[in-house]
>>> print(open('start06.tsv').read())   # TSV, C-alpha atoms
chain	number	residue	atom	x	y	z
A	1	LYS	CA	93.39	-123.86	49.06
A	2	GLU	CA	96.37	-126.11	48.36
A	3	ALA	CA	94.10	-128.93	47.17
A	4	ILE	CA	92.33	-126.51	44.84
A	5	LYS	CA	95.64	-125.21	43.49
A	6	GLU	CA	96.81	-128.79	42.93
A	7	PHE	CA	93.55	-129.60	41.14
A	8	ASN	CA	93.94	-126.47	38.97
A	9	ASP	CA	97.51	-127.39	38.05
A	10	GLN	CA	96.60	-130.96	37.23
A	11	PHE	CA	93.58	-130.44	34.93
A	12	SER	CA	92.51	-127.78	32.46
A	13	LEU	CA	89.21	-126.00	33.04
A	14	LYS	CA	87.69	-127.94	30.16
A	15	GLU	CA	88.75	-131.23	31.77
A	16	GLN	CA	87.36	-130.09	35.10
A	17	THR	CA	84.05	-129.30	33.38
A	18	VAL	CA	83.97	-132.84	31.96
A	19	LEU	CA	84.60	-134.16	35.47
A	20	LEU	CA	81.68	-132.06	36.72
A	21	ILE	CA	79.43	-133.58	34.06
A	22	PHE	CA	80.57	-137.04	35.19
A	23	LEU	CA	79.76	-136.13	38.81
A	24	ILE	CA	76.32	-134.87	37.78
A	25	HIS	CA	75.63	-138.24	36.18
A	26	CYS	CA	76.96	-140.08	39.24
A	27	TYR	CA	74.83	-138.13	41.71
A	28	ASN	CA	71.81	-138.60	39.46
A	29	SER	CA	72.44	-142.36	39.53
A	30	LEU	CA	72.49	-142.93	43.28
A	31	GLU	CA	69.81	-145.59	42.97
A	32	GLU	CA	72.42	-147.84	41.35
A	33	ASP	CA	74.27	-149.87	43.99
A	34	ILE	CA	77.65	-149.70	42.28
A	35	VAL	CA	77.50	-145.92	42.01
A	36	ARG	CA	76.09	-145.38	45.50
A	37	THR	CA	78.82	-147.45	47.19
A	38	HIS	CA	81.54	-145.30	45.64
A	39	ILE	CA	80.12	-141.82	46.19
A	40	GLN	CA	77.82	-142.11	49.20
A	41	HIS	CA	80.44	-140.73	51.60
A	42	THR	CA	80.67	-137.51	49.61
A	43	VAL	CA	77.02	-136.79	50.47
A	44	SER	CA	76.78	-138.37	53.91
A	45	LEU	CA	76.37	-136.75	57.31
A	46	GLY	CA	80.15	-136.43	57.62
A	47	ILE	CA	80.22	-133.55	55.16
A	48	TRP	CA	78.67	-131.36	57.84
A	49	ARG	CA	82.14	-130.95	59.33
A	50	CYS	CA	82.58	-128.29	56.61
A	51	VAL	CA	79.72	-126.22	58.03
A	52	LEU	CA	80.70	-123.49	60.48
A	53	PRO	CA	80.90	-124.95	64.00
A	54	SER	CA	78.30	-122.51	65.35
A	55	LYS	CA	75.87	-123.43	62.56
A	56	LEU	CA	76.55	-127.14	63.10
A	57	GLN	CA	75.93	-126.81	66.83
A	58	SER	CA	72.68	-124.98	66.16
A	59	LEU	CA	71.50	-127.69	63.75
A	60	LEU	CA	72.38	-130.48	66.17
A	61	GLU	CA	70.65	-128.76	69.08
A	62	LYS	CA	67.45	-128.42	67.06
A	63	ASN	CA	67.35	-132.11	66.19
A	64	PRO	CA	68.29	-134.59	68.97
A	65	ARG	CA	68.02	-137.58	66.63
A	66	LEU	CA	70.48	-135.98	64.25
A	67	ASN	CA	72.76	-135.13	67.16
A	68	LYS	CA	72.78	-138.80	68.16
A	69	ARG	CA	73.66	-139.85	64.59
A	70	TRP	CA	76.44	-137.22	64.49
A	71	ASN	CA	77.92	-138.50	67.76
A	72	ASN	CA	77.76	-142.10	66.52
A	73	LEU	CA	79.54	-141.06	63.33
A	74	GLN	CA	82.28	-139.37	65.36
A	75	LYS	CA	82.76	-142.52	67.47
A	76	ARG	CA	82.92	-144.77	64.39
A	77	GLU	CA	85.51	-142.52	62.79
A	78	GLN	CA	87.74	-142.66	65.85
A	79	LYS	CA	87.91	-146.43	65.43
A	80	LEU	CA	89.15	-146.16	61.83
A	81	GLY	CA	92.80	-146.49	60.90
A	82	ALA	CA	94.76	-143.46	59.78
A	83	ARG	CA	94.57	-144.37	56.08
A	84	GLU	CA	90.81	-144.99	56.15
A	85	ARG	CA	90.25	-141.82	58.18
A	86	GLY	CA	92.21	-139.85	55.57
A	87	LEU	CA	90.10	-141.30	52.76
A	88	ARG	CA	86.90	-140.43	54.60
A	89	GLU	CA	88.18	-136.91	55.23
A	90	ASN	CA	88.77	-136.49	51.49
A	91	ASP	CA	85.25	-137.75	50.79
A	92	TYR	CA	83.69	-135.49	53.41
A	93	THR	CA	85.48	-132.36	52.22
A	94	PHE	CA	85.12	-133.03	48.48
A	95	LEU	CA	82.01	-130.93	47.87
A	96	HIS	CA	83.30	-128.15	50.10
A	97	LYS	CA	86.53	-127.99	48.07
A	98	LEU	CA	84.51	-128.04	44.87
A	99	ILE	CA	82.51	-125.05	46.07
A	100	HIS	CA	85.76	-123.19	46.75
A	101	LYS	CA	87.02	-124.18	43.31
A	102	TYR	CA	83.88	-122.64	41.80
A	103	PHE	CA	84.54	-119.37	43.64
A	104	ALA	CA	88.18	-119.42	42.53
A	105	VAL	CA	87.05	-119.68	38.90
A	106	LEU	CA	84.58	-116.83	39.44
A	107	GLU	CA	87.31	-114.66	40.94
A	108	GLU	CA	89.46	-115.17	37.83
A	109	ILE	CA	86.71	-113.80	35.58
A	110	PRO	CA	87.28	-110.09	34.90
A	111	ALA	CA	84.49	-107.66	35.82
A	112	GLN	CA	84.62	-106.30	32.29
A	113	GLY	CA	86.02	-107.74	29.13
A	114	PHE	CA	86.36	-111.18	27.64
A	115	ILE	CA	85.13	-114.33	29.34
A	116	THR	CA	85.97	-117.73	27.90
A	117	MET	CA	83.36	-120.34	27.12
A	118	GLU	CA	85.33	-122.75	29.31
A	119	GLU	CA	84.68	-120.51	32.31
A	120	VAL	CA	81.00	-120.19	31.41
A	121	ASN	CA	80.62	-123.95	30.92
A	122	PHE	CA	82.35	-124.73	34.21
A	123	ALA	CA	80.14	-122.29	36.12
A	124	GLU	CA	76.98	-123.64	34.45
A	125	ARG	CA	77.87	-127.27	35.19
A	126	PHE	CA	78.75	-126.46	38.79
A	127	LEU	CA	75.41	-124.73	39.35
A	128	GLU	CA	73.67	-127.67	37.67
A	129	LEU	CA	75.38	-130.00	40.15
A	130	CYS	CA	74.28	-127.83	43.10
A	131	ILE	CA	70.69	-127.74	41.84
A	132	ASP	CA	70.65	-131.50	41.30
A	133	LEU	CA	72.03	-132.15	44.79
A	134	GLN	CA	69.39	-129.87	46.31
A	135	ALA	CA	66.58	-131.42	44.24
A	136	GLN	CA	67.25	-135.07	45.12
A	137	LEU	CA	65.86	-136.36	48.38
A	138	PRO	CA	68.79	-138.70	49.22
A	139	THR	CA	71.34	-135.90	48.87
A	140	ASN	CA	69.28	-132.90	49.95
A	141	ARG	CA	69.09	-134.02	53.58
A	142	LYS	CA	72.86	-134.02	53.96
A	143	THR	CA	74.10	-131.48	51.41
A	144	GLY	CA	71.38	-128.94	52.08
A	145	GLU	CA	73.54	-127.00	54.52
A	146	LEU	CA	76.67	-126.71	52.38
A	147	PRO	CA	75.61	-124.35	49.55
A	148	PRO	CA	73.94	-121.83	51.90
A	149	ALA	CA	76.90	-122.05	54.29
A	150	ALA	CA	79.27	-121.28	51.42
A	151	LYS	CA	76.92	-118.57	50.10
A	152	VAL	CA	76.37	-120.36	46.78
A	153	ILE	CA	72.63	-120.03	47.29
A	154	LYS	CA	70.58	-117.96	49.68
A	155	ASP	CA	69.26	-119.60	52.89
>>> encode(input="start06.tsv", output="structure tokens")
Amino acid sequence: KEAIKEFNDQFSLKEQTVLLIFLIHCYNSLEEDIVRTHIQHTVSLGIWRCVLPSKLQSLLEKNPRLNKRWNNLQKREQKLGARERGLRENDYTFLHKLIHKYFAVLEEIPAQGFITMEEVNFAERFLELCIDLQAQLPTNRKTGELPPAAKVIKD
């Protein structure tokens, strides 16, 4: 919640919407090496640490190959330095924090009355990003569990 508050204080909702549009373009350009090298960790297996532990355990039990990859990832991360581990943690939790940011914006919208176009545009761009992540094969395999886990979309 602190990271979301910091993000809210740092950028206006309109600026955050522009950043979402940029992210949409980045995730839609994963076939480009330069883009992929910079954002691949935000959609890698490591983001599953944001899924509830019981759900994660269930997923890993169902797929032994995936469980092996998860364990290898955990071992590789233990070998990283503190700075690199912190950077990876930011990458892995980025989408999860963005989902919470989306819900924070929704909570600010009154049940009745006026709604700003900035709020509408942010919500639309966020949902577009979720749809794009679910629709692309390279990102769907890893990010597929986050939106249902956060109740953005139905399982």
>>> atom_distance(input="start06.tsv", atom1="CA of Lys55 (chain A)", atom2="CA of Ile39 (chain A)")
25.0 Å
>>> atom_distance(input="start06.tsv", atom1="CA of Asn90 (chain A)", atom2="CA of Thr42 (chain A)")
8.4 Å
>>> residues_around(input="start06.tsv", residues="region 101-112 of chain A", least_positions_apart="3", cutoff="7 Å", atoms="all atoms listed in the file", output="NGL selection string")
:A and (4 or 97-98 or 115 or 123)
>>> closest_residue(input="start06.tsv", among="A:His41, A:Ser29, A:Lys62, A:Trp48", to="Leu87 (chain A)", atoms="all atoms listed in the file")
A:His41
>>> closest_residue(input="start06.tsv", among="A:Phe11, A:Glu61, A:Leu95, A:Thr17", to="Phe122 (chain A)", atoms="all atoms listed in the file")
A:Thr17
>>> build_atoms(input="start06.tsv", residues="region 74-85 of chain A", atoms="N, CA and C atoms", output="PDB file, in the frame of the given file")
ATOM      1  N   GLN A  74      80.992-139.776  64.784  1.00  0.00           N
ATOM      2  CA  GLN A  74      82.280-139.370  65.360  1.00  0.00           C
ATOM      3  C   GLN A  74      82.964-140.554  66.044  1.00  0.00           C
ATOM      4  N   LYS A  75      82.198-141.359  66.783  1.00  0.00           N
ATOM      5  CA  LYS A  75      82.760-142.520  67.470  1.00  0.00           C
ATOM      6  C   LYS A  75      83.278-143.557  66.480  1.00  0.00           C
ATOM      7  N   ARG A  76      82.490-143.808  65.399  1.00  0.00           N
ATOM      8  CA  ARG A  76      82.920-144.770  64.390  1.00  0.00           C
ATOM      9  C   ARG A  76      84.206-144.318  63.695  1.00  0.00           C
ATOM     10  N   GLU A  77      84.325-143.037  63.454  1.00  0.00           N
ATOM     11  CA  GLU A  77      85.510-142.520  62.790  1.00  0.00           C
ATOM     12  C   GLU A  77      86.755-142.649  63.655  1.00  0.00           C
ATOM     13  N   GLN A  78      86.596-142.526  64.955  1.00  0.00           N
ATOM     14  CA  GLN A  78      87.740-142.660  65.850  1.00  0.00           C
ATOM     15  C   GLN A  78      88.307-144.069  65.832  1.00  0.00           C
ATOM     16  N   LYS A  79      87.469-145.041  65.486  1.00  0.00           N
ATOM     17  CA  LYS A  79      87.910-146.430  65.430  1.00  0.00           C
ATOM     18  C   LYS A  79      88.614-146.774  64.124  1.00  0.00           C
ATOM     19  N   LEU A  80      88.525-145.907  63.124  1.00  0.00           N
ATOM     20  CA  LEU A  80      89.150-146.160  61.830  1.00  0.00           C
ATOM     21  C   LEU A  80      90.659-145.978  61.907  1.00  0.00           C
ATOM     22  N   GLY A  81      91.355-146.677  61.014  1.00  0.00           N
ATOM     23  CA  GLY A  81      92.800-146.490  60.900  1.00  0.00           C
ATOM     24  C   GLY A  81      93.107-145.150  60.250  1.00  0.00           C
ATOM     25  N   ALA A  82      94.358-144.761  60.300  1.00  0.00           N
ATOM     26  CA  ALA A  82      94.760-143.460  59.780  1.00  0.00           C
ATOM     27  C   ALA A  82      94.483-143.345  58.276  1.00  0.00           C
ATOM     28  N   ARG A  83      94.783-144.404  57.528  1.00  0.00           N
ATOM     29  CA  ARG A  83      94.570-144.370  56.080  1.00  0.00           C
ATOM     30  C   ARG A  83      93.086-144.211  55.746  1.00  0.00           C
ATOM     31  N   GLU A  84      92.257-145.036  56.384  1.00  0.00           N
ATOM     32  CA  GLU A  84      90.810-144.990  56.150  1.00  0.00           C
ATOM     33  C   GLU A  84      90.227-143.645  56.593  1.00  0.00           C
ATOM     34  N   ARG A  85      90.717-143.116  57.693  1.00  0.00           N
ATOM     35  CA  ARG A  85      90.250-141.820  58.180  1.00  0.00           C
ATOM     36  C   ARG A  85      90.608-140.719  57.171  1.00  0.00           C
TER      37      ARG A  85
END
